[in-house]
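A.B. asks: Structure file start39.pdb (PDB, C-alpha atoms) is given on the next line.
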ATOM      1  CA  MET R   1      -5.351 -72.732 -80.882
ATOM      2  CA  ASN R   2      -1.624 -72.491 -81.366
ATOM      3  CA  ILE R   3      -1.303 -70.025 -78.523
ATOM      4  CA  LYS R   4      -3.179 -72.409 -76.259
ATOM      5  CA  ILE R   5      -0.791 -75.253 -77.059
ATOM      6  CA  ASN R   6       2.176 -73.002 -76.498
ATOM      7  CA  LEU R   7       0.777 -71.862 -73.196
ATOM      8  CA  LEU R   8       0.157 -75.442 -72.163
ATOM      9  CA  ALA R   9       3.717 -76.425 -73.105
ATOM     10  CA  PHE R  10       5.024 -73.448 -71.153
ATOM     11  CA  LEU R  11       2.983 -74.356 -68.088
ATOM     12  CA  LEU R  12       4.146 -77.961 -68.314
ATOM     13  CA  LEU R  13       7.743 -76.761 -68.490
ATOM     14  CA  ILE R  14       7.289 -74.536 -65.446
ATOM     15  CA  PHE R  15       5.635 -77.370 -63.593
ATOM     16  CA  SER R  16       8.427 -79.833 -64.388
ATOM     17  CA  ILE R  17      11.051 -77.346 -63.215
ATOM     18  CA  ASN R  18       9.079 -76.836 -60.046
ATOM     19  CA  ALA R  19       8.811 -80.562 -59.483
ATOM     20  CA  ASN R  20      12.584 -80.769 -59.193
ATOM     21  CA  ALA R  21      12.788 -78.106 -56.539
ATOM     22  CA  GLN R  22      11.409 -78.541 -53.035
ATOM     23  CA  VAL R  23       7.656 -78.518 -52.630
ATOM     24  CA  LYS R  24       6.336 -75.196 -51.356
ATOM     25  CA  VAL R  25       2.934 -74.136 -50.020
ATOM     26  CA  GLY R  26       0.658 -73.671 -53.051
ATOM     27  CA  ASP R  27       2.471 -76.358 -55.060
ATOM     28  CA  ARG R  28       0.784 -79.458 -56.409
ATOM     29  CA  LEU R  29       1.423 -82.927 -54.958
ATOM     30  CA  PRO R  30       4.118 -84.348 -57.250
ATOM     31  CA  SER R  31       3.935 -87.701 -58.957
ATOM     32  CA  LEU R  32       6.269 -90.124 -57.190
ATOM     33  CA  GLU R  33       6.268 -93.883 -57.286
ATOM     34  CA  LEU R  34       7.687 -95.805 -54.316
ATOM     35  CA  GLN R  35       7.530 -99.332 -52.886
ATOM     36  CA  ASN R  36       4.920 -99.933 -50.221
ATOM     37  CA  SER R  37       5.215-102.338 -47.293
ATOM     38  CA  SER R  38       3.740-105.144 -49.439
ATOM     39  CA  ASN R  39       6.474-104.530 -52.013
ATOM     40  CA  GLU R  40       4.137-102.958 -54.577
ATOM     41  CA  LYS R  41       4.820 -99.767 -56.475
ATOM     42  CA  THR R  42       2.503 -97.002 -55.322
ATOM     43  CA  ASN R  43       2.164 -93.449 -56.583
ATOM     44  CA  ILE R  44       1.626 -90.812 -53.923
ATOM     45  CA  ASN R  45      -0.640 -88.747 -56.197
ATOM     46  CA  GLN R  46      -3.265 -91.422 -56.910
ATOM     47  CA  PHE R  47      -5.671 -90.204 -54.200
ATOM     48  CA  LYS R  48      -8.153 -87.833 -55.787
ATOM     49  CA  ASP R  49     -10.670 -85.589 -54.033
ATOM     50  CA  LYS R  50      -9.307 -86.144 -50.539
ATOM     51  CA  TYR R  51      -6.741 -84.606 -48.236
ATOM     52  CA  VAL R  52      -3.301 -86.237 -48.239
ATOM     53  CA  LEU R  53      -0.936 -86.041 -45.273
ATOM     54  CA  ILE R  54       2.632 -87.123 -46.052
ATOM     55  CA  ASP R  55       4.852 -87.957 -43.090
ATOM     56  CA  PHE R  56       8.606 -88.430 -43.559
ATOM     57  CA  TRP R  57      10.215 -90.584 -40.901
ATOM     58  CA  ALA R  58      12.775 -93.305 -40.133
ATOM     59  CA  SER R  59      12.865 -96.180 -37.642
ATOM     60  CA  TRP R  60      15.935 -94.765 -35.852
ATOM     61  CA  CYS R  61      14.364 -91.334 -35.363
ATOM     62  CA  ALA R  62      12.968 -91.266 -31.816
ATOM     63  CA  PRO R  63      10.708 -88.210 -32.286
ATOM     64  CA  CYS R  64       9.253 -89.879 -35.407
ATOM     65  CA  ARG R  65       8.379 -92.991 -33.457
ATOM     66  CA  LEU R  66       6.494 -90.889 -30.921
ATOM     67  CA  GLY R  67       4.829 -89.148 -33.871
ATOM     68  CA  ASN R  68       3.779 -92.538 -35.268
ATOM     69  CA  LYS R  69       1.780 -93.241 -32.106
ATOM     70  CA  LYS R  70      -0.109 -89.970 -32.550
ATOM     71  CA  LEU R  71      -0.647 -90.594 -36.267
ATOM     72  CA  VAL R  72      -2.042 -94.075 -35.629
ATOM     73  CA  LYS R  73      -4.589 -92.544 -33.245
ATOM     74  CA  LEU R  74      -5.400 -89.730 -35.645
ATOM     75  CA  HIS R  75      -5.810 -92.182 -38.510
ATOM     76  CA  ALA R  76      -8.340 -94.169 -36.488
ATOM     77  CA  GLU R  77     -10.321 -91.032 -35.664
ATOM     78  CA  LEU R  78     -10.526 -89.480 -39.125
ATOM     79  CA  ASP R  79     -12.828 -90.437 -41.990
ATOM     80  CA  PRO R  80     -10.712 -92.471 -44.469
ATOM     81  CA  ASP R  81     -12.812 -91.087 -47.351
ATOM     82  CA  LYS R  82     -11.647 -87.598 -46.477
ATOM     83  CA  ILE R  83      -7.964 -88.055 -45.791
ATOM     84  CA  GLU R  84      -5.182 -90.411 -46.807
ATOM     85  CA  ILE R  85      -2.156 -90.609 -44.518
ATOM     86  CA  ILE R  86       1.061 -91.708 -46.228
ATOM     87  CA  GLY R  87       4.249 -92.495 -44.331
ATOM     88  CA  ILE R  88       7.483 -92.257 -46.307
ATOM     89  CA  SER R  89      10.470 -93.801 -44.560
ATOM     90  CA  ILE R  90      14.039 -92.954 -45.537
ATOM     91  CA  ASP R  91      15.402 -95.957 -43.621
ATOM     92  CA  THR R  92      18.415 -97.471 -45.335
ATOM     93  CA  ASP R  93      17.569-100.907 -43.954
ATOM     94  CA  PRO R  94      14.063-102.026 -45.073
ATOM     95  CA  ASN R  95      13.996-104.738 -42.395
ATOM     96  CA  LYS R  96      14.208-102.165 -39.620
ATOM     97  CA  TRP R  97      11.456-100.223 -41.361
ATOM     98  CA  MET R  98       9.165-103.284 -41.469
ATOM     99  CA  LYS R  99       9.828-104.034 -37.805
ATOM    100  CA  ALA R 100       9.011-100.453 -36.833
ATOM    101  CA  ILE R 101       5.709-100.569 -38.770
ATOM    102  CA  GLU R 102       4.772-103.721 -36.906
ATOM    103  CA  LYS R 103       5.844-102.412 -33.517
ATOM    104  CA  ASP R 104       4.074 -99.063 -33.937
ATOM    105  CA  LYS R 105       0.980-100.893 -35.318
ATOM    106  CA  ILE R 106       0.731 -98.625 -38.347
ATOM    107  CA  SER R 107      -2.179 -99.441 -40.622
ATOM    108  CA  PHE R 108      -2.012 -96.439 -42.968
ATOM    109  CA  LEU R 109      -0.064 -96.542 -46.230
ATOM    110  CA  GLN R 110       3.690 -96.963 -45.791
ATOM    111  CA  LEU R 111       6.255 -96.321 -48.527
ATOM    112  CA  ILE R 112      10.042 -96.441 -48.475
ATOM    113  CA  ASP R 113      12.826 -94.571 -50.234
ATOM    114  CA  SER R 114      15.831 -96.235 -48.656
ATOM    115  CA  LYS R 115      18.576 -93.710 -49.205
ATOM    116  CA  GLY R 116      18.471 -91.512 -46.100
ATOM    117  CA  PHE R 117      18.438 -87.778 -46.677
ATOM    118  CA  ASP R 118      19.776 -88.396 -50.202
ATOM    119  CA  ALA R 119      16.558 -90.232 -51.143
ATOM    120  CA  LYS R 120      14.772 -88.869 -54.211
ATOM    121  CA  ALA R 121      11.597 -88.294 -52.195
ATOM    122  CA  ALA R 122      13.475 -86.339 -49.504
ATOM    123  CA  LEU R 123      15.141 -84.151 -52.124
ATOM    124  CA  LEU R 124      11.872 -83.630 -54.004
ATOM    125  CA  PHE R 125      10.098 -82.403 -50.863
ATOM    126  CA  GLY R 126      13.155 -80.624 -49.464
ATOM    127  CA  VAL R 127      13.201 -82.687 -46.260
ATOM    128  CA  GLU R 128      15.995 -81.431 -43.989
ATOM    129  CA  GLU R 129      14.890 -82.992 -40.732
ATOM    130  CA  LEU R 130      12.752 -85.777 -39.388
ATOM    131  CA  PRO R 131       9.886 -85.922 -38.822
ATOM    132  CA  SER R 132       8.534 -83.639 -41.571
ATOM    133  CA  GLN R 133       4.908 -83.502 -42.600
ATOM    134  CA  TYR R 134       3.148 -82.075 -45.647
ATOM    135  CA  LEU R 135      -0.620 -81.575 -45.837
ATOM    136  CA  PHE R 136      -2.244 -81.379 -49.285
ATOM    137  CA  ASN R 137      -5.905 -80.431 -49.732
ATOM    138  CA  GLU R 138      -8.504 -82.318 -51.792
ATOM    139  CA  LYS R 139      -7.318 -80.506 -54.922
ATOM    140  CA  GLY R 140      -3.775 -81.780 -54.331
ATOM    141  CA  ILE R 141      -2.322 -78.416 -53.300
ATOM    142  CA  LEU R 142       0.150 -78.152 -50.411
ATOM    143  CA  ILE R 143      -1.579 -76.052 -47.757
ATOM    144  CA  LYS R 144       0.611 -76.596 -44.702
ATOM    145  CA  LYS R 145       3.992 -77.962 -43.649
ATOM    146  CA  ASN R 146       4.102 -79.669 -40.254
ATOM    147  CA  PRO R 147       0.438 -79.057 -39.365
ATOM    148  CA  THR R 148      -0.684 -79.676 -35.793
ATOM    149  CA  GLU R 149      -3.132 -82.447 -35.029
ATOM    150  CA  GLU R 150      -5.743 -79.803 -34.233
ATOM    151  CA  GLU R 151      -5.297 -78.064 -37.573
ATOM    152  CA  ILE R 152      -5.780 -81.349 -39.407
ATOM    153  CA  ILE R 153      -8.902 -82.282 -37.452
ATOM    154  CA  ASN R 154     -10.455 -78.818 -37.954
ATOM    155  CA  LEU R 155      -9.824 -78.941 -41.693
ATOM    156  CA  ILE R 156     -11.229 -82.413 -42.231
ATOM    157  CA  LYS R 157     -14.405 -81.967 -40.166
TER     158      LYS R 157
ATOM    159  CA  MET Z   1      56.922 -71.483 -74.951
ATOM    160  CA  LYS Z   2      59.897 -73.486 -73.733
ATOM    161  CA  THR Z   3      60.187 -71.493 -70.538
ATOM    162  CA  LEU Z   4      56.498 -71.994 -69.921
ATOM    163  CA  TYR Z   5      57.021 -75.739 -70.264
ATOM    164  CA  LYS Z   6      59.965 -75.621 -67.869
ATOM    165  CA  LYS Z   7      57.972 -73.570 -65.439
ATOM    166  CA  SER Z   8      55.073 -76.011 -65.421
ATOM    167  CA  VAL Z   9      57.438 -78.953 -64.890
ATOM    168  CA  LEU Z  10      58.949 -77.103 -61.959
ATOM    169  CA  ILE Z  11      55.513 -76.405 -60.522
ATOM    170  CA  VAL Z  12      54.520 -80.064 -60.838
ATOM    171  CA  ILE Z  13      57.743 -81.121 -59.091
ATOM    172  CA  LEU Z  14      57.183 -78.586 -56.344
ATOM    173  CA  ILE Z  15      53.594 -79.706 -55.819
ATOM    174  CA  THR Z  16      54.685 -83.350 -55.619
ATOM    175  CA  LEU Z  17      57.423 -82.492 -53.140
ATOM    176  CA  PHE Z  18      55.065 -80.416 -51.086
ATOM    177  CA  THR Z  19      52.340 -83.040 -50.903
ATOM    178  CA  THR Z  20      54.728 -85.851 -49.942
ATOM    179  CA  ALA Z  21      56.287 -83.629 -47.309
ATOM    180  CA  SER Z  22      52.947 -82.766 -45.724
ATOM    181  CA  ASN Z  23      51.816 -86.328 -45.085
ATOM    182  CA  ALA Z  24      50.942 -85.500 -41.519
ATOM    183  CA  GLN Z  25      47.216 -85.898 -41.771
ATOM    184  CA  ILE Z  26      43.895 -87.183 -40.549
ATOM    185  CA  SER Z  27      42.314 -89.937 -42.631
ATOM    186  CA  LYS Z  28      39.100 -90.561 -40.725
ATOM    187  CA  ALA Z  29      36.958 -88.742 -38.187
ATOM    188  CA  GLU Z  30      34.277 -90.387 -36.077
ATOM    189  CA  ILE Z  31      31.954 -87.775 -34.674
ATOM    190  CA  ARG Z  32      29.216 -88.217 -32.130
ATOM    191  CA  ALA Z  33      27.095 -85.121 -31.943
ATOM    192  CA  THR Z  34      24.847 -83.920 -29.151
ATOM    193  CA  GLY Z  35      22.207 -81.236 -28.990
ATOM    194  CA  LEU Z  36      18.676 -80.423 -27.983
ATOM    195  CA  THR Z  37      17.229 -82.437 -30.860
ATOM    196  CA  CYS Z  38      18.176 -85.772 -32.384
ATOM    197  CA  SER Z  39      21.340 -85.127 -34.418
ATOM    198  CA  MET Z  40      20.691 -88.075 -36.716
ATOM    199  CA  CYS Z  41      17.225 -86.720 -37.539
ATOM    200  CA  SER Z  42      18.684 -83.622 -39.158
ATOM    201  CA  ASN Z  43      20.484 -83.352 -42.449
ATOM    202  CA  ALA Z  44      22.457 -80.323 -41.225
ATOM    203  CA  ILE Z  45      25.659 -81.995 -39.975
ATOM    204  CA  ASN Z  46      25.749 -84.280 -42.985
ATOM    205  CA  LYS Z  47      25.456 -81.274 -45.307
ATOM    206  CA  GLN Z  48      28.146 -79.258 -43.518
ATOM    207  CA  LEU Z  49      30.578 -82.174 -43.711
ATOM    208  CA  LYS Z  50      29.849 -83.070 -47.317
ATOM    209  CA  ALA Z  51      30.436 -79.472 -48.396
ATOM    210  CA  MET Z  52      34.120 -79.794 -47.402
ATOM    211  CA  PRO Z  53      36.343 -80.585 -50.413
ATOM    212  CA  GLU Z  54      38.509 -82.899 -48.266
ATOM    213  CA  VAL Z  55      35.535 -85.099 -47.361
ATOM    214  CA  LYS Z  56      35.282 -88.231 -49.491
ATOM    215  CA  ASN Z  57      32.318 -89.809 -47.789
ATOM    216  CA  VAL Z  58      30.064 -89.525 -44.752
ATOM    217  CA  ASP Z  59      28.625 -92.737 -43.347
ATOM    218  CA  ILE Z  60      26.123 -92.793 -40.545
ATOM    219  CA  ASP Z  61      26.419 -95.555 -37.980
ATOM    220  CA  LEU Z  62      22.936 -95.753 -36.516
ATOM    221  CA  ASN Z  63      23.891 -98.205 -33.784
ATOM    222  CA  THR Z  64      26.339 -95.795 -32.203
ATOM    223  CA  ASN Z  65      24.833 -92.520 -33.525
ATOM    224  CA  THR Z  66      28.147 -91.684 -35.127
ATOM    225  CA  PHE Z  67      29.065 -89.818 -38.293
ATOM    226  CA  VAL Z  68      32.011 -91.621 -39.908
ATOM    227  CA  VAL Z  69      33.859 -89.187 -42.154
ATOM    228  CA  SER Z  70      36.446 -90.448 -44.685
ATOM    229  CA  LEU Z  71      38.954 -87.827 -45.745
ATOM    230  CA  SER Z  72      41.072 -87.487 -48.844
ATOM    231  CA  GLU Z  73      44.821 -88.118 -48.686
ATOM    232  CA  ASN Z  74      47.266 -85.328 -47.952
ATOM    233  CA  ASN Z  75      44.744 -82.993 -46.428
ATOM    234  CA  SER Z  76      45.964 -80.541 -43.815
ATOM    235  CA  LEU Z  77      42.817 -80.478 -41.685
ATOM    236  CA  LYS Z  78      43.016 -79.775 -37.972
ATOM    237  CA  PRO Z  79      40.637 -81.337 -35.419
ATOM    238  CA  SER Z  80      39.043 -77.919 -34.873
ATOM    239  CA  VAL Z  81      37.416 -77.993 -38.315
ATOM    240  CA  PHE Z  82      35.013 -80.754 -37.188
ATOM    241  CA  LYS Z  83      33.979 -78.788 -34.111
ATOM    242  CA  GLU Z  84      33.353 -75.768 -36.302
ATOM    243  CA  LYS Z  85      31.214 -77.683 -38.813
ATOM    244  CA  VAL Z  86      29.145 -79.473 -36.170
ATOM    245  CA  GLU Z  87      28.525 -76.194 -34.337
ATOM    246  CA  ASN Z  88      27.583 -74.478 -37.611
ATOM    247  CA  ALA Z  89      24.912 -77.146 -37.976
ATOM    248  CA  GLY Z  90      23.530 -76.241 -34.548
ATOM    249  CA  PHE Z  91      24.941 -79.163 -32.574
ATOM    250  CA  PHE Z  92      27.885 -79.929 -30.297
ATOM    251  CA  ILE Z  93      30.544 -82.606 -30.329
ATOM    252  CA  GLY Z  94      29.964 -85.383 -27.799
ATOM    253  CA  SER Z  95      33.066 -87.261 -28.855
ATOM    254  CA  LEU Z  96      35.616 -86.985 -31.639
ATOM    255  CA  ILE Z  97      37.900 -89.871 -32.540
ATOM    256  CA  LEU Z  98      40.427 -89.359 -35.315
ATOM    257  CA  THR Z  99      42.408 -91.884 -37.291
ATOM    258  CA  THR Z 100      45.726 -90.377 -38.217
ATOM    259  CA  ASN Z 101      49.282 -91.441 -39.016
ATOM    260  CA  SER Z 102      51.601 -91.521 -36.041
ATOM    261  CA  GLU Z 103      53.720 -88.726 -37.528
ATOM    262  CA  THR Z 104      50.838 -86.295 -37.005
ATOM    263  CA  ILE Z 105      50.725 -86.584 -33.238
ATOM    264  CA  LYS Z 106      54.466 -85.858 -32.979
ATOM    265  CA  SER Z 107      53.601 -82.264 -33.816
ATOM    266  CA  SER Z 108      53.701 -79.866 -30.866
ATOM    267  CA  SER Z 109      49.957 -79.135 -31.126
ATOM    268  CA  TYR Z 110      49.200 -82.640 -29.832
ATOM    269  CA  ILE Z 111      49.743 -83.422 -26.171
ATOM    270  CA  VAL Z 112      49.308 -87.044 -25.196
ATOM    271  CA  VAL Z 113      47.691 -87.236 -21.760
ATOM    272  CA  GLU Z 114      46.440 -90.810 -21.838
ATOM    273  CA  GLY Z 115      47.601 -93.966 -23.586
ATOM    274  CA  LYS Z 116      51.020 -94.754 -24.938
ATOM    275  CA  LYS Z 117      52.579 -93.980 -28.261
ATOM    276  CA  ASN Z 118      53.194 -97.140 -30.228
ATOM    277  CA  ASN Z 119      55.044 -98.012 -33.401
ATOM    278  CA  SER Z 120      52.092 -98.559 -35.698
ATOM    279  CA  ILE Z 121      51.730 -96.342 -38.748
ATOM    280  CA  GLU Z 122      48.160 -95.362 -37.903
ATOM    281  CA  VAL Z 123      46.790 -94.328 -34.533
ATOM    282  CA  GLN Z 124      43.319 -93.583 -33.258
ATOM    283  CA  ILE Z 125      43.124 -90.650 -30.932
ATOM    284  CA  GLN Z 126      40.329 -89.002 -28.986
ATOM    285  CA  ILE Z 127      40.412 -85.258 -28.460
ATOM    286  CA  LEU Z 128      39.762 -84.480 -24.796
ATOM    287  CA  ASP Z 129      39.585 -80.688 -24.874
ATOM    288  CA  LYS Z 130      36.653 -78.429 -24.102
ATOM    289  CA  GLY Z 131      34.174 -78.515 -26.969
ATOM    290  CA  TYR Z 132      35.206 -82.041 -27.981
ATOM    291  CA  VAL Z 133      33.646 -83.940 -25.060
ATOM    292  CA  THR Z 134      30.336 -83.665 -23.222
ATOM    293  CA  ASP Z 135      30.113 -81.146 -20.343
ATOM    294  CA  LYS Z 136      29.908 -83.976 -17.860
ATOM    295  CA  GLU Z 137      33.085 -85.555 -19.150
ATOM    296  CA  LEU Z 138      34.826 -82.193 -19.262
ATOM    297  CA  LYS Z 139      34.245 -81.741 -15.523
ATOM    298  CA  LYS Z 140      35.823 -85.117 -14.834
ATOM    299  CA  LEU Z 141      38.730 -84.456 -17.167
ATOM    300  CA  SER Z 142      39.433 -81.018 -15.700
ATOM    301  CA  LYS Z 143      39.795 -82.648 -12.277
ATOM    302  CA  SER Z 144      41.952 -85.490 -13.574
ATOM    303  CA  TYR Z 145      44.298 -83.140 -15.377
ATOM    304  CA  LYS Z 146      44.317 -80.285 -12.887
ATOM    305  CA  ASN Z 147      48.076 -80.745 -12.551
ATOM    306  CA  SER Z 148      48.626 -80.576 -16.291
ATOM    307  CA  LEU Z 149      50.368 -77.370 -17.298
ATOM    308  CA  THR Z 150      48.266 -76.926 -20.395
ATOM    309  CA  TYR Z 151      44.943 -78.769 -20.114
ATOM    310  CA  ASN Z 152      42.947 -76.144 -18.257
ATOM    311  CA  ASN Z 153      44.350 -73.292 -20.354
ATOM    312  CA  ASN Z 154      41.852 -74.170 -23.095
ATOM    313  CA  ASN Z 155      44.213 -72.998 -25.800
ATOM    314  CA  GLU Z 156      42.334 -73.776 -28.990
ATOM    315  CA  ASN Z 157      45.501 -74.736 -30.865
ATOM    316  CA  ASP Z 158      46.556 -77.359 -28.298
ATOM    317  CA  PHE Z 159      44.910 -80.739 -28.575
ATOM    318  CA  HIS Z 160      45.075 -82.990 -25.534
ATOM    319  CA  ILE Z 161      44.675 -86.522 -26.717
ATOM    320  CA  LYS Z 162      44.042 -90.025 -25.539
ATOM    321  CA  ILE Z 163      45.507 -92.726 -27.717
ATOM    322  CA  VAL Z 164      42.615 -95.132 -28.169
ATOM    323  CA  ASN Z 165      44.311 -97.643 -30.424
TER     324      ASN Z 165
END
How does the structure come out when it is put into structure tokens?
C.D. replies:
Amino acid sequence: MNIKINLLAFLLLIFSINANAQVKVGDRLPSLELQNSSNEKTNINQFKDKYVLIDFWASWCAPCRLGNKKLVKLHAELDPDKIEIIGISIDTDPNKWMKAIEKDKISFLQLIDSKGFDAKAALLFGVEELPSQYLFNEKGILIKKNPTEEEIINLIK
Amino acid sequence: MKTLYKKSVLIVILITLFTTASNAQISKAEIRATGLTCSMCSNAINKQLKAMPEVKNVDIDLNTNTFVVSLSENNSLKPSVFKEKVENAGFFIGSLILTTNSETIKSSSYIVVEGKKNNSIEVQIQILDKGYVTDKELKKLSKSYKNSLTYNNNNENDFHIKIVN
């Protein structure tokens, strides 16, 4: 019994150390609470038993805005029971973020961590450039960084 | 013990003298970077700049796509350091504007080719040499300054400058 508790404590310790480093393939989706576009706190790891695609972007990042168009289409095509798409913006100005959401007609979950590349979320995931995407499977394990649209569709179907 | 004390006093005096003497310096650098990908979408330039001990702060102006770098006092940085850092990050300089005291540009490394020297304590200068402007601009500048004795030599220790302000 004691050994089990020790082992559990050890695993927890390892996990918490890992959670501070950047997320690698095989790692679990970390717990992270951010504001959504309706100003409510939302944890990124609340979606159980479904794939989670996390997309880091910013309103001023032109390639991200093109990516948004593709994501909006993809979101409409995929079964919402099977995959949750979460956008995390590192915009420093939330107003520009809100305008971009409206303009790009994004209906999937949008969160913000308004500190640019120094944002806690960006550091946690090890985001060094925009856009950056992370695909977690239904068990919450990171299976692919920057997956192609095709790869996502094939996995979900 | 006493000699050690004397020695340290001497060192402190020397350091103070040295730092006040070397007040020729750059206080701010405004860098616009170019490259194949969006320079603002990468953390690389930001990281390179922030790793320099002389850098106090890096602000990003998203309206002009400019990195605004504040530097500590009494640094002895040369304009070439910014080119080096930006290129290390995988980008190129599109324009580099430095804020510096007017003493700095009296040094022989700076050659004023445009704008007039004025009496203000601080001046803003743009570096016009190869590697500090876009290729398109460089072509234009090479034509404009074809009669300059030094411009087309591309000596990396000579900085041809335009006084912006």
A.B. asks: Measuring between all atoms listed in the file, which one of R:Tyr134, R:Phe56, R:Phe117, R:Trp97 shows the shortest distance to chain Z?
C.D. replies: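 Of the candidates, the smallest distance to chain Z is held by R:Phe117.
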A.B. asks: As an MDAnalysis selection string, could you give me every residue of chain Z near chain R (at most 10 Å apart, counting only C-alpha atoms)?
C.D. replies: chainID Z and resid 37:44 46:47 60 62:63 65
A.B. asks: Could you give me, as a list in words, the residues within 9 Å of segment 138-149 of chain Z, counting all atoms listed in the file and dropping anything in the same chain fewer than 6 positions from it?
C.D. replies: Val113, Leu128, Asp129, Lys130, Gly131 and Tyr132 of chain Z
A.B. asks: Determine, counting all atoms listed in the file, which protein, DNA and RNA residues have an atom within 10 Å of an atom of segment 88-94 of chain R; residues of the same chain fewer than 4 positions away are not included. Present the result as a PyMOL selection string.
C.D. replies: chain R and resi 34-37+44+54-61+98-100+109-122+130-133
A.B. asks: Given the choices Z:Glu103, Z:Leu98, Z:Asp135, Z:Ser108, which gets closest to Asn165 of chain Z if the distance is worked out from only C-alpha atoms?
C.D. replies: Z:Leu98
A.B. asks: Translate the PyMOL selection byres ((chain Z and resi 95) around 7) into a concrete residue list for this structure, as JSON, numbers by chain.
C.D. replies: {"Z": [31, 32, 93, 94, 96, 97, 132, 133]}
A.B. asks: Smallest atom-to-atom distance to Lys82 of chain R: which of R:Leu66, R:Ile106, R:Val23, R:Leu53, using only C-alpha atoms?
C.D. replies: R:Leu53
A.B. asks: For atom CA of Asp49 of chain R and atom CA of Glu138 of chain R, determine how far apart the two atoms are, in Å to one decimal place.
C.D. replies: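 Those two atoms sit 4.5 Å apart.
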A.B. asks: Could you tell me how far atom CA of Val86 of chain Z lies from atom CA of Pro147 of chain R, in Å and to one decimal?
C.D. replies: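 Atom-to-atom, atom CA of Val86 of chain Z to atom CA of Pro147 of chain R, that is 28.9 Å.
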A.B. asks: Could you complete segment 42-53 of chain R so that it carries N, CA and C atoms, and give it back as a compact mmCIF listing (two decimals), keeping the file's coordinate frame?
C.D. replies:
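Output (part39.txt):
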# COMPACT_ATOMS: atom_id res chain seq x y z
N THR R 42 3.67 -97.83 -55.62
CA THR R 42 2.50 -97.00 -55.32
C THR R 42 2.83 -95.54 -55.61
N ASN R 43 1.93 -94.87 -56.32
CA ASN R 43 2.16 -93.45 -56.58
C ASN R 43 1.47 -92.60 -55.52
N ILE R 44 2.20 -91.62 -55.01
CA ILE R 44 1.63 -90.81 -53.92
C ILE R 44 0.51 -89.89 -54.41
N ASN R 45 0.39 -89.69 -55.74
CA ASN R 45 -0.64 -88.75 -56.20
C ASN R 45 -1.88 -89.43 -56.79
N GLN R 46 -2.10 -90.69 -56.37
CA GLN R 46 -3.26 -91.42 -56.91
C GLN R 46 -4.56 -91.13 -56.15
N PHE R 47 -4.47 -90.41 -55.02
CA PHE R 47 -5.67 -90.20 -54.20
C PHE R 47 -6.35 -88.90 -54.58
N LYS R 48 -7.46 -89.03 -55.29
CA LYS R 48 -8.15 -87.83 -55.79
C LYS R 48 -9.26 -87.44 -54.82
N ASP R 49 -9.55 -86.14 -54.80
CA ASP R 49 -10.67 -85.59 -54.03
C ASP R 49 -10.61 -85.89 -52.53
N LYS R 50 -9.41 -86.03 -52.00
CA LYS R 50 -9.31 -86.14 -50.54
C LYS R 50 -8.00 -85.54 -50.08
N TYR R 51 -7.97 -85.17 -48.81
CA TYR R 51 -6.74 -84.61 -48.24
C TYR R 51 -5.66 -85.69 -48.19
N VAL R 52 -4.41 -85.29 -48.34
CA VAL R 52 -3.30 -86.24 -48.24
C VAL R 52 -2.27 -85.66 -47.26
N LEU R 53 -1.98 -86.45 -46.23
CA LEU R 53 -0.94 -86.04 -45.27
C LEU R 53 0.28 -86.94 -45.48
